Amino acid sequence: MATLYYENDADPTLIHARKVAVLGYGSQGHAHARNLTESGVDVRVGLRTGSSSRRKAEEAGLRVTTVADAVKESDVIVLLLPDTEQQSVYDTQIAPHLSAGDCLMFAHGFNIRFGQIVPPPDVDVAMVAPKGPGHLVRRTYAEGAGVPSLVAVHQDATGSAHALALSYAHAIGATRAGVLDTTFAEETETDLFGEQAVLCGGMTALVMAGYETLVEAGYQPESAYFECLHEMKLIVDLMYEQGIAGMRYSISDTAEYGDLTRGPRVIDEHVRAEMRQILSDIRDGSFAQEWIEENRAGRPQFTKLREDGKQHPIEQVGADLRAMMPFVAAGRERVEDASGG
């Protein structure tokens, strides 16, 4: 059985005794920095010179400094920069200023798992990974709750890395919801697989294929949009709240029978074989190397695929329909306001 930790399992005094540098002020960065500060932790935000996030951080009452200065004056360094930026920032602005006994903290294990960052042996390396976007981490904390999170230790130089990570999790509100023990490898590999095969890659490809199938058969694009994309949220919300069985209980018998008999025809053995290959590419480092090389080359394929996706007909139809549904736009604005940049 997995080990879960809650409020009483963490010692809040451990993180209060440390100076914390939060590097980055995007989705996770703004949430961690503000939650930590409101929990009474000594926090400074490290940003690159000219960062557009500086104003937002300062308006939130946070002290902002350069990355190097933040690292110099801290003994817990939290890397919340994009995966593709972490190695260069680590090599030039973090590594030269680390001291024995410091703790490097991550919210995703990519750079450690795939050897892009190799810390010295005399520092702790830990992870607290909220299982939700930063705006949710921030909002639930403000409401007195929290987002479930993962905790892992890659390197325990001091003998107290796990306890410190739990203390950190407590300060961002994670122990209110539950913190699950894992490893850097498990978190990274399952996270990448979920994104690629189900949550993002699998879902968006399925939605667009369903839309194309209906439109090619002569149905109105608007009807195809509602059936294949708009209603997705309703079903996902039911699964989120009640599980798959609960969702099936809430839909019609006709829909449930179609689910049970036709779903396996879409997600067949061929799809499962592709999923296994995707997982294999993640575990053996092939995907990581491909992504690293894509960034080094200036992201030509990534940029083209992103632009091609924006030009898909479902995007124009969706934009027109969402403009007629102000309640959808209101939800987006609440997320953007909460994200802090």
# chains A, B, ... in the order shown; residues from 1 in each chain; ligands from 1
$ select_by_dssp --residues "segment 80-259 of chain A" --states "strand (DSSP E)" --output "VMD selection string"
chain A and resid 103 to 106 124 to 130 149 to 155 179 to 181
$ residues_around --residues "Ile235 of chain A" --least-positions-apart "3" --cutoff "12 Å" --atoms "only C-alpha atoms" --output "short mmCIF file (atom, residue, chain, number, x, y, z; two decimals) with C-alpha atoms, in the first residue's frame"
data_model
loop_
_atom_site.label_atom_id
_atom_site.label_comp_id
_atom_site.auth_asym_id
_atom_site.auth_seq_id
_atom_site.Cartn_x
_atom_site.Cartn_y
_atom_site.Cartn_z
CA GLU A 227 -20.57 16.53 -28.85
CA CYS A 228 -16.81 15.95 -29.02
CA LEU A 229 -15.29 18.85 -27.05
CA HIS A 230 -17.75 20.98 -25.08
CA GLU A 231 -19.37 18.06 -23.26
CA MET A 232 -15.97 16.56 -22.41
CA LEU A 238 -18.26 13.39 -13.13
CA MET A 239 -15.24 11.06 -13.23
CA TYR A 240 -13.24 13.48 -11.07
CA GLU A 241 -15.99 13.58 -8.46
CA GLN A 242 -17.30 10.00 -8.56
CA GLY A 243 -14.88 7.79 -10.52
CA ILE A 244 -15.69 6.01 -13.76
CA ALA A 245 -18.46 3.92 -12.20
CA GLY A 246 -20.03 7.06 -10.75
CA MET A 247 -19.93 8.76 -14.12
CA ARG A 248 -21.63 5.77 -15.73
CA TYR A 249 -24.31 5.85 -13.05
CA SER A 250 -25.03 9.50 -13.86
CA ILE A 251 -25.40 9.16 -17.64
CA ALA A 255 -24.83 6.28 -23.19
CA GLU A 256 -23.51 3.71 -20.72
CA ASP A 259 -19.51 3.37 -23.50
#
$ residues_around --residues "Asp281 of chain A" --least-positions-apart "4" --cutoff "12 Å" --atoms "only C-alpha atoms" --output "PyMOL selection string"
chain A and resi 189+192-193+196-197+274-277+285-291
$ write_last_selection --atoms "C-alpha atoms" --output "PDB file, in the first residue's frame"
ATOM      1  CA  GLU A 189       7.662   8.598 -15.925  1.00  0.00           C
ATOM      2  CA  LEU A 192       5.002  12.169 -18.880  1.00  0.00           C
ATOM      3  CA  PHE A 193       2.990   9.099 -19.808  1.00  0.00           C
ATOM      4  CA  GLN A 196       1.245  12.079 -23.670  1.00  0.00           C
ATOM      5  CA  ALA A 197      -1.086   9.085 -23.810  1.00  0.00           C
ATOM      6  CA  GLU A 274       1.197   2.317 -28.849  1.00  0.00           C
ATOM      7  CA  MET A 275       0.764   3.267 -25.194  1.00  0.00           C
ATOM      8  CA  ARG A 276       3.326   0.637 -24.192  1.00  0.00           C
ATOM      9  CA  GLN A 277       5.733   2.014 -26.794  1.00  0.00           C
ATOM     10  CA  GLY A 285      15.164   8.285 -22.167  1.00  0.00           C
ATOM     11  CA  SER A 286      14.298   8.459 -25.872  1.00  0.00           C
ATOM     12  CA  PHE A 287      11.581  11.057 -25.395  1.00  0.00           C
ATOM     13  CA  ALA A 288      13.737  13.165 -23.074  1.00  0.00           C
ATOM     14  CA  GLN A 289      16.612  13.148 -25.550  1.00  0.00           C
ATOM     15  CA  GLU A 290      14.275  14.017 -28.431  1.00  0.00           C
ATOM     16  CA  TRP A 291      12.822  16.951 -26.474  1.00  0.00           C
TER      17      TRP A 291
END
$ residues_around --residues "segment 81-85 of chain A" --least-positions-apart "6" --cutoff "12 Å" --atoms "only C-alpha atoms" --output "JSON, numbers by chain"
{"A": [22, 23, 24, 25, 26, 27, 28, 29, 30, 45, 46, 47, 48, 67, 91, 92, 93, 105, 106, 107, 108, 109, 110, 111, 112, 113, 114, 116, 117, 188, 288, 289, 291, 292, 293, 294, 295, 296, 298, 299]}
$ write_last_selection --atoms "N, CA and C atoms" --output "short mmCIF file (atom, residue, chain, number, x, y, z; two decimals), in the first residue's frame"
data_model
loop_
_atom_site.label_atom_id
_atom_site.label_comp_id
_atom_site.auth_asym_id
_atom_site.auth_seq_id
_atom_site.Cartn_x
_atom_site.Cartn_y
_atom_site.Cartn_z
N VAL A 22 12.46 30.69 -4.07
CA VAL A 22 11.57 30.15 -5.09
C VAL A 22 12.02 30.73 -6.43
N LEU A 23 12.50 29.87 -7.31
CA LEU A 23 13.01 30.33 -8.60
C LEU A 23 11.94 30.14 -9.66
N GLY A 24 11.43 31.26 -10.16
CA GLY A 24 10.34 31.24 -11.12
C GLY A 24 9.06 31.71 -10.47
N TYR A 25 8.22 32.40 -11.26
CA TYR A 25 6.96 32.91 -10.72
C TYR A 25 5.83 32.68 -11.72
N GLY A 26 5.82 31.47 -12.28
CA GLY A 26 4.75 31.09 -13.18
C GLY A 26 3.64 30.42 -12.41
N SER A 27 3.02 29.41 -13.02
CA SER A 27 1.87 28.75 -12.42
C SER A 27 2.19 28.20 -11.03
N GLN A 28 3.20 27.33 -10.93
CA GLN A 28 3.55 26.77 -9.62
C GLN A 28 4.33 27.77 -8.77
N GLY A 29 5.20 28.54 -9.38
CA GLY A 29 6.04 29.47 -8.62
C GLY A 29 5.25 30.45 -7.79
N HIS A 30 4.24 31.07 -8.41
CA HIS A 30 3.47 32.07 -7.66
C HIS A 30 2.73 31.42 -6.50
N VAL A 45 11.91 35.51 -4.02
CA VAL A 45 11.67 34.99 -5.36
C VAL A 45 12.85 35.37 -6.25
N GLY A 46 13.43 34.38 -6.92
CA GLY A 46 14.54 34.62 -7.83
C GLY A 46 14.07 34.64 -9.26
N LEU A 47 14.29 35.77 -9.95
CA LEU A 47 13.87 35.91 -11.34
C LEU A 47 15.01 36.46 -12.19
N ARG A 48 14.97 36.16 -13.47
CA ARG A 48 15.97 36.71 -14.38
C ARG A 48 15.76 38.22 -14.51
N VAL A 67 18.32 35.41 -9.56
CA VAL A 67 18.41 34.00 -9.21
C VAL A 67 19.66 33.73 -8.37
N ASP A 91 23.39 25.36 -13.95
CA ASP A 91 24.84 25.37 -14.20
C ASP A 91 25.47 26.73 -13.96
N THR A 92 24.76 27.81 -14.35
CA THR A 92 25.36 29.14 -14.31
C THR A 92 25.03 29.95 -13.06
N GLN A 93 23.87 29.72 -12.47
CA GLN A 93 23.43 30.61 -11.39
C GLN A 93 23.13 29.92 -10.06
N MET A 105 15.00 21.64 -4.18
CA MET A 105 13.63 21.14 -4.19
C MET A 105 13.05 21.29 -5.59
N PHE A 106 12.34 20.26 -6.05
CA PHE A 106 11.72 20.26 -7.37
C PHE A 106 10.23 19.99 -7.23
N ALA A 107 9.47 20.37 -8.28
CA ALA A 107 8.06 20.00 -8.35
C ALA A 107 7.82 19.01 -9.49
N HIS A 108 8.88 18.66 -10.20
CA HIS A 108 8.82 17.67 -11.27
C HIS A 108 10.23 17.11 -11.42
N GLY A 109 10.34 15.81 -11.64
CA GLY A 109 11.65 15.16 -11.59
C GLY A 109 12.41 15.06 -12.89
N PHE A 110 11.94 15.69 -13.97
CA PHE A 110 12.52 15.51 -15.31
C PHE A 110 14.04 15.67 -15.34
N ASN A 111 14.54 16.78 -14.85
CA ASN A 111 15.98 17.06 -14.99
C ASN A 111 16.86 16.17 -14.13
N ILE A 112 16.34 15.71 -13.00
CA ILE A 112 17.08 14.76 -12.19
C ILE A 112 16.99 13.37 -12.80
N ARG A 113 15.80 12.95 -13.16
CA ARG A 113 15.60 11.60 -13.72
C ARG A 113 16.44 11.37 -14.97
N PHE A 114 16.57 12.38 -15.82
CA PHE A 114 17.28 12.19 -17.08
C PHE A 114 18.67 12.80 -17.09
N GLN A 116 20.05 15.69 -16.46
CA GLN A 116 20.40 17.02 -16.94
C GLN A 116 20.97 17.88 -15.81
N ILE A 117 20.55 17.61 -14.58
CA ILE A 117 21.10 18.26 -13.40
C ILE A 117 21.68 17.18 -12.50
N THR A 188 8.24 11.18 -12.56
CA THR A 188 8.55 11.68 -13.91
C THR A 188 7.94 10.81 -14.99
N ALA A 288 12.99 12.07 -23.68
CA ALA A 288 13.74 13.17 -23.07
C ALA A 288 14.82 13.67 -24.02
N GLN A 289 15.55 12.74 -24.64
CA GLN A 289 16.61 13.15 -25.55
C GLN A 289 16.05 13.86 -26.77
N TRP A 291 13.28 15.63 -26.90
CA TRP A 291 12.82 16.95 -26.47
C TRP A 291 14.00 17.89 -26.21
N ILE A 292 15.05 17.37 -25.62
CA ILE A 292 16.25 18.18 -25.37
C ILE A 292 16.86 18.64 -26.69
N GLU A 293 16.97 17.74 -27.66
CA GLU A 293 17.54 18.09 -28.96
C GLU A 293 16.64 19.06 -29.72
N GLU A 294 15.32 18.90 -29.57
CA GLU A 294 14.38 19.83 -30.21
C GLU A 294 14.58 21.24 -29.69
N ASN A 295 14.81 21.38 -28.39
CA ASN A 295 15.05 22.71 -27.82
C ASN A 295 16.38 23.27 -28.26
N ARG A 296 17.39 22.44 -28.32
CA ARG A 296 18.70 22.91 -28.76
C ARG A 296 18.67 23.39 -30.21
N GLY A 298 16.20 24.94 -31.56
CA GLY A 298 15.32 26.10 -31.70
C GLY A 298 13.86 25.77 -31.83
N ARG A 299 13.47 24.53 -31.53
CA ARG A 299 12.08 24.07 -31.52
C ARG A 299 11.37 24.14 -32.88
#
$ select_by_dssp --residues "segment 105-177 of chain A" --states "helix (DSSP H, G or I)" --output "VMD selection string"
chain A and resid 110 to 113 134 to 142 161 to 171 174 to 176
$ closest_residue --among "A:Asp320, A:Glu186, A:Glu73, A:Glu269" --to "Leu150 of chain A" --atoms "only C-alpha atoms"
A:Glu186
$ closest_residue --among "A:Lys19, A:Lys56, A:Arg262, A:His162" --to "Val125 of chain A" --atoms "only C-alpha atoms"
A:His162
$ atom_distance --atom1 "atom CA of Gly146 of chain A" --atom2 "atom CA of Gly173 of chain A"
4.8 Å
$ residues_around --residues "Ala157 of chain A" --least-positions-apart "5" --cutoff "10 Å" --atoms "only C-alpha atoms" --output "VMD selection string"
chain A and resid 100 to 103 120 to 125
$ atom_distance --atom1 "atom CA of Ala129 of chain A" --atom2 "atom CA of Ala31 of chain A"
12.2 Å
